file input.txt (compact mmCIF, C-alpha atoms)
# COMPACT_ATOMS: atom_id res chain seq x y z
CA MET A 14 95.19 -99.88 -15.37
CA LYS A 15 97.01 -101.79 -12.67
CA PRO A 16 100.79 -101.37 -12.75
CA GLY A 17 102.71 -104.36 -14.03
CA LEU A 18 99.82 -105.80 -16.02
CA GLN A 19 100.01 -105.72 -19.80
CA PHE A 20 97.75 -103.49 -21.83
CA ASP A 21 98.22 -103.14 -25.60
CA PHE A 22 95.95 -101.38 -28.07
CA ILE A 23 97.08 -101.78 -31.68
CA VAL A 24 95.33 -100.37 -34.73
CA ASN A 25 96.38 -102.03 -38.00
CA LYS A 26 94.90 -100.06 -40.89
CA GLN A 27 96.34 -102.44 -43.46
CA ASP A 28 94.53 -105.48 -41.98
CA LEU A 29 91.52 -103.40 -40.79
CA THR A 30 91.97 -104.79 -37.26
CA VAL A 31 92.11 -103.44 -33.75
CA THR A 32 93.90 -105.75 -31.34
CA VAL A 33 93.58 -105.29 -27.59
CA ARG A 34 95.54 -107.40 -25.11
CA LYS A 35 94.78 -106.88 -21.43
CA GLU A 36 95.95 -108.75 -18.37
CA PHE A 37 93.79 -108.98 -15.26
CA ALA A 38 94.85 -110.06 -11.77
CA ALA A 39 91.94 -112.50 -11.48
CA PRO A 40 91.10 -116.12 -12.30
CA GLN A 41 90.05 -116.92 -15.85
CA LYS A 42 86.55 -118.11 -14.86
CA LEU A 43 85.82 -114.83 -13.06
CA VAL A 44 87.09 -112.73 -15.98
CA TRP A 45 85.03 -114.88 -18.36
CA ASP A 46 81.93 -114.30 -16.23
CA THR A 47 82.41 -110.51 -16.35
CA PHE A 48 82.31 -110.67 -20.15
CA THR A 49 79.42 -113.14 -20.43
CA LYS A 50 76.88 -112.37 -17.69
CA ALA A 51 74.57 -109.37 -18.09
CA ASP A 52 74.54 -108.37 -14.42
CA LEU A 53 78.35 -108.18 -14.41
CA LEU A 54 78.67 -106.60 -17.88
CA ASP A 55 76.34 -103.79 -16.84
CA GLN A 56 78.73 -102.90 -14.02
CA TRP A 57 81.62 -102.04 -16.36
CA TRP A 58 80.73 -102.08 -20.10
CA ALA A 59 80.49 -98.31 -20.59
CA PRO A 60 82.93 -95.44 -20.20
CA LYS A 61 82.22 -93.59 -16.96
CA PRO A 62 80.04 -91.74 -16.18
CA TRP A 63 77.82 -93.56 -18.72
CA LEU A 64 76.13 -96.82 -17.72
CA SER A 65 75.42 -100.04 -19.56
CA ARG A 66 71.88 -101.45 -19.36
CA THR A 67 71.16 -104.87 -20.86
CA LYS A 68 67.64 -105.27 -22.24
CA GLU A 69 68.10 -108.92 -23.19
CA MET A 70 70.92 -111.42 -23.31
CA GLU A 71 71.17 -115.04 -24.35
CA PHE A 72 74.83 -116.02 -24.25
CA LYS A 73 75.11 -118.90 -26.70
CA LYS A 74 75.90 -119.43 -30.37
CA GLY A 75 73.02 -117.78 -32.22
CA GLY A 76 72.07 -115.72 -29.15
CA ARG A 77 72.52 -112.02 -28.62
CA ARG A 78 72.96 -109.22 -26.14
CA LEU A 79 70.87 -106.10 -26.74
CA TYR A 80 71.95 -103.20 -24.56
CA ALA A 81 72.07 -99.45 -24.26
CA MET A 82 74.79 -97.12 -23.08
CA VAL A 83 72.91 -94.57 -21.00
CA SER A 84 73.99 -91.02 -20.14
CA PRO A 85 74.37 -90.15 -16.44
CA ASP A 86 71.06 -88.27 -16.35
CA GLY A 87 69.27 -90.97 -18.37
CA SER A 88 68.36 -88.58 -21.18
CA GLN A 89 70.44 -90.29 -23.90
CA GLU A 90 70.66 -93.91 -24.96
CA GLY A 91 72.96 -95.45 -27.54
CA TRP A 92 71.76 -98.95 -28.47
CA ALA A 93 74.01 -101.78 -29.64
CA ILE A 94 73.79 -105.49 -30.29
CA GLN A 95 76.23 -108.33 -29.92
CA SER A 96 75.19 -111.37 -31.98
CA TYR A 97 77.13 -114.42 -30.78
CA THR A 98 78.59 -116.54 -33.58
CA SER A 99 80.74 -118.94 -31.54
CA VAL A 100 81.14 -119.89 -27.85
CA SER A 101 83.84 -122.16 -26.40
CA PRO A 102 83.36 -121.92 -22.62
CA ILE A 103 85.80 -120.18 -20.69
CA SER A 104 88.34 -119.81 -23.51
CA ASN A 105 86.81 -118.04 -26.52
CA PHE A 106 83.74 -116.38 -27.94
CA LYS A 107 83.01 -114.42 -31.08
CA TYR A 108 80.30 -111.98 -31.99
CA PHE A 109 79.12 -109.44 -34.51
CA ASP A 110 78.79 -105.98 -32.94
CA ALA A 111 76.77 -103.08 -34.34
CA PHE A 112 74.74 -100.04 -33.41
CA CYS A 113 71.01 -100.64 -33.56
CA ASP A 114 67.64 -99.37 -32.42
CA LYS A 115 66.09 -100.43 -29.10
CA GLU A 116 64.50 -103.48 -30.76
CA GLY A 117 67.86 -104.70 -32.07
CA ASN A 118 67.49 -103.68 -35.71
CA VAL A 119 70.95 -102.84 -37.03
CA LYS A 120 71.22 -99.40 -38.56
CA PRO A 121 71.81 -99.68 -42.33
CA GLU A 122 74.59 -97.08 -42.19
CA ASP A 123 76.51 -99.18 -39.63
CA PRO A 124 78.22 -102.25 -41.07
CA GLY A 125 79.41 -103.26 -37.59
CA SER A 126 82.50 -105.30 -36.77
CA ASP A 127 83.45 -108.87 -35.86
CA TRP A 128 84.95 -109.49 -32.41
CA ASN A 129 87.03 -112.50 -31.34
CA LEU A 130 87.90 -112.80 -27.63
CA ASN A 131 90.40 -115.33 -26.24
CA PHE A 132 90.94 -115.96 -22.52
CA THR A 133 94.04 -117.62 -21.01
CA GLU A 134 95.38 -117.82 -17.46
CA LYS A 135 98.91 -118.18 -16.15
CA ASN A 136 99.94 -117.86 -12.51
CA GLY A 137 96.66 -116.25 -11.48
CA VAL A 138 96.77 -113.62 -14.24
CA THR A 139 94.19 -113.83 -17.00
CA THR A 140 94.99 -112.43 -20.43
CA VAL A 141 92.16 -111.39 -22.71
CA ASP A 142 93.13 -111.04 -26.36
CA ILE A 143 90.51 -109.20 -28.40
CA MET A 144 90.66 -108.91 -32.18
CA ILE A 145 88.16 -106.58 -33.81
CA GLN A 146 87.81 -106.91 -37.57
CA CYS A 147 86.42 -103.84 -39.32
CA LYS A 148 84.78 -104.00 -42.76
CA THR A 149 86.48 -100.96 -44.33
CA LEU A 150 89.17 -98.42 -43.55
CA GLU A 151 86.48 -95.72 -43.43
CA ASP A 152 84.60 -97.70 -40.75
CA MET A 153 87.77 -98.16 -38.73
CA GLU A 154 88.70 -94.49 -38.93
CA ALA A 155 85.17 -93.40 -37.98
CA THR A 156 85.26 -95.70 -34.94
CA MET A 157 88.59 -94.30 -33.83
CA LYS A 158 87.37 -90.71 -34.30
CA MET A 159 84.39 -91.50 -32.05
CA GLY A 160 86.91 -92.07 -29.26
CA PHE A 161 86.84 -95.86 -29.22
CA LYS A 162 90.38 -96.22 -27.83
CA GLU A 163 89.76 -93.80 -24.98
CA GLY A 164 86.29 -95.17 -24.22
CA PHE A 165 87.35 -98.82 -24.29
CA THR A 166 90.38 -98.06 -22.12
CA MET A 167 88.04 -96.45 -19.58
CA THR A 168 85.75 -99.51 -19.61
CA LEU A 169 88.70 -101.85 -19.05
CA ASN A 170 89.75 -99.67 -16.10
CA SER A 171 86.25 -100.14 -14.70
CA LEU A 172 86.60 -103.89 -15.21
CA ASP A 173 89.88 -103.83 -13.24
CA GLU A 174 88.02 -102.12 -10.37
CA LEU A 175 85.15 -104.61 -10.52
CA LEU A 176 87.48 -107.62 -10.56
CA GLU A 177 89.35 -106.26 -7.55
CA LYS A 178 86.04 -105.89 -5.68
CA LEU A 179 84.82 -109.36 -6.72
CA SER A 180 88.14 -111.02 -5.81
CA LYS A 181 87.95 -109.93 -2.15
call {"tool": "encode", "arguments": {"input": "input.txt", "output": "structure tokens"}}
result
Amino acid sequence: MKPGLQFDFIVNKQDLTVTVRKEFAAPQKLVWDTFTKADLLDQWWAPKPWLSRTKEMEFKKGGRRLYAMVSPDGSQEGWAIQSYTSVSPISNFKYFDAFCDKEGNVKPEDPGSDWNLNFTEKNGVTTVDIMIQCKTLEDMEATMKMGFKEGFTMTLNSLDELLEKLSK
């Protein structure tokens, strides 16, 4: 994380929410694009050394992104889906997120979570506020035990690096 830029990661077991607030030294439109365009998402949406590979993406209400996180040697794939429920260009989008198979069928044992992302800019710094709503405390605890905080922090670090490269 870049020094001087805010990064908060708050787990609220009572409300079953994970709230992430991250500031980026980049214009709002560019940050928005990195969250909403497959070619940019695939450059940062996985904890290193894993890679993100989008199979299909239609970024609109009712659309979806089907992607895999792929191990460095390509031998392992973890599939997930983001089903977009709301899009308000460059300020907010919401989606349902869940593990799935490579065709996009959600695994019955994974209830998934609802994500709400808000984008605001002030003085050239864009803040992304992410609220993740879990279904149950057990789901939340399982996600945290999988290393979600560490993995998502790593992906946001990769996004910082990408934004720096794209801003030059």
call {"tool": "closest_residue", "arguments": {"input": "input.txt", "among": "A:Trp57, A:Phe20, A:Phe106, A:Phe37", "to": "Asn136 in chain A", "atoms": "only C-alpha atoms"}}
result
A:Phe37
call {"tool": "atom_distance", "arguments": {"input": "input.txt", "atom1": "CA of Glu154 in chain A", "atom2": "CA of Phe22 in chain A"}}
result
14.8 Å
call {"tool": "atom_distance", "arguments": {"input": "input.txt", "atom1": "CA of Lys178 in chain A", "atom2": "CA of Tyr80 in chain A"}}
result
23.7 Å
call {"tool": "atom_distance", "arguments": {"input": "input.txt", "atom1": "CA of Lys68 in chain A", "atom2": "CA of Thr140 in chain A"}}
result
28.3 Å
call {"tool": "residues_around", "arguments": {"input": "input.txt", "residues": "range 161-171 of chain A", "least_positions_apart": "3", "cutoff": "8 Å", "atoms": "all atoms listed in the file", "output": "MDAnalysis selection string"}}
result
chainID A and resid 14 22 57:61 156:158 174:175
call {"tool": "residues_near_point", "arguments": {"input": "input.txt", "point": "(81.5, -115.3, -27.7)", "cutoff": "12 Å", "atoms": "all atoms listed in the file", "output": "PDB file with C-alpha atoms, keeping the file's coordinate frame"}}
result
ATOM      1  CA  TRP A  45      85.030-114.880 -18.360  1.00  0.00           C
ATOM      2  CA  ASP A  46      81.930-114.300 -16.230  1.00  0.00           C
ATOM      3  CA  PHE A  48      82.310-110.670 -20.150  1.00  0.00           C
ATOM      4  CA  THR A  49      79.420-113.140 -20.430  1.00  0.00           C
ATOM      5  CA  LYS A  50      76.880-112.370 -17.690  1.00  0.00           C
ATOM      6  CA  GLU A  71      71.170-115.040 -24.350  1.00  0.00           C
ATOM      7  CA  PHE A  72      74.830-116.020 -24.250  1.00  0.00           C
ATOM      8  CA  LYS A  73      75.110-118.900 -26.700  1.00  0.00           C
ATOM      9  CA  LYS A  74      75.900-119.430 -30.370  1.00  0.00           C
ATOM     10  CA  GLY A  75      73.020-117.780 -32.220  1.00  0.00           C
ATOM     11  CA  GLY A  76      72.070-115.720 -29.150  1.00  0.00           C
ATOM     12  CA  ARG A  77      72.520-112.020 -28.620  1.00  0.00           C
ATOM     13  CA  ARG A  78      72.960-109.220 -26.140  1.00  0.00           C
ATOM     14  CA  GLN A  95      76.230-108.330 -29.920  1.00  0.00           C
ATOM     15  CA  SER A  96      75.190-111.370 -31.980  1.00  0.00           C
ATOM     16  CA  TYR A  97      77.130-114.420 -30.780  1.00  0.00           C
ATOM     17  CA  THR A  98      78.590-116.540 -33.580  1.00  0.00           C
ATOM     18  CA  SER A  99      80.740-118.940 -31.540  1.00  0.00           C
ATOM     19  CA  VAL A 100      81.140-119.890 -27.850  1.00  0.00           C
ATOM     20  CA  SER A 101      83.840-122.160 -26.400  1.00  0.00           C
ATOM     21  CA  PRO A 102      83.360-121.920 -22.620  1.00  0.00           C
ATOM     22  CA  ILE A 103      85.800-120.180 -20.690  1.00  0.00           C
ATOM     23  CA  SER A 104      88.340-119.810 -23.510  1.00  0.00           C
ATOM     24  CA  ASN A 105      86.810-118.040 -26.520  1.00  0.00           C
ATOM     25  CA  PHE A 106      83.740-116.380 -27.940  1.00  0.00           C
ATOM     26  CA  LYS A 107      83.010-114.420 -31.080  1.00  0.00           C
ATOM     27  CA  TYR A 108      80.300-111.980 -31.990  1.00  0.00           C
ATOM     28  CA  PHE A 109      79.120-109.440 -34.510  1.00  0.00           C
ATOM     29  CA  ASP A 110      78.790-105.980 -32.940  1.00  0.00           C
ATOM     30  CA  ASP A 127      83.450-108.870 -35.860  1.00  0.00           C
ATOM     31  CA  TRP A 128      84.950-109.490 -32.410  1.00  0.00           C
ATOM     32  CA  ASN A 129      87.030-112.500 -31.340  1.00  0.00           C
ATOM     33  CA  LEU A 130      87.900-112.800 -27.630  1.00  0.00           C
ATOM     34  CA  ASN A 131      90.400-115.330 -26.240  1.00  0.00           C
ATOM     35  CA  PHE A 132      90.940-115.960 -22.520  1.00  0.00           C
ATOM     36  CA  ILE A 143      90.510-109.200 -28.400  1.00  0.00           C
TER      37      ILE A 143
END
call {"tool": "closest_residue", "arguments": {"input": "input.txt", "among": "A:Glu177, A:Glu69, A:Asp142, A:Asp114", "to": "Val31 in chain A", "atoms": "only C-alpha atoms"}}
result
A:Asp142
call {"tool": "axis_aligned_box", "arguments": {"input": "input.txt", "around": "range 26-37 of chain A", "padding_each_side": "6 Å", "output": "lines of an AutoDock Vina configuration file"}}
result
center_x = 93.9
center_y = -104.5
center_z = -29.4
size_x = 16.8
size_y = 20.9
size_z = 40.2
call {"tool": "closest_residue", "arguments": {"input": "input.txt", "among": "A:Glu116, A:Asp52, A:Asp28, A:Glu36", "to": "Ala93 in chain A", "atoms": "only C-alpha atoms"}}
result
A:Glu116
call {"tool": "closest_residue", "arguments": {"input": "input.txt", "among": "A:Met82, A:Val119, A:Ile145, A:Leu172", "to": "Ala39 in chain A", "atoms": "all atoms listed in the file"}}
result
A:Leu172
call {"tool": "residues_around", "arguments": {"input": "input.txt", "residues": "Glu90 in chain A", "least_positions_apart": "6", "cutoff": "10 Å", "atoms": "all atoms listed in the file", "output": "list in words"}}
result
Trp63, Leu64, Ser65, Arg66, Tyr80, Ala81, Met82, Val83, Ser84, Asp114 and Lys115 of chain A
call {"tool": "closest_residue", "arguments": {"input": "input.txt", "among": "A:Leu79, A:Pro85, A:Arg34, A:Glu134", "to": "Leu54 in chain A", "atoms": "all atoms listed in the file"}}
result
A:Leu79
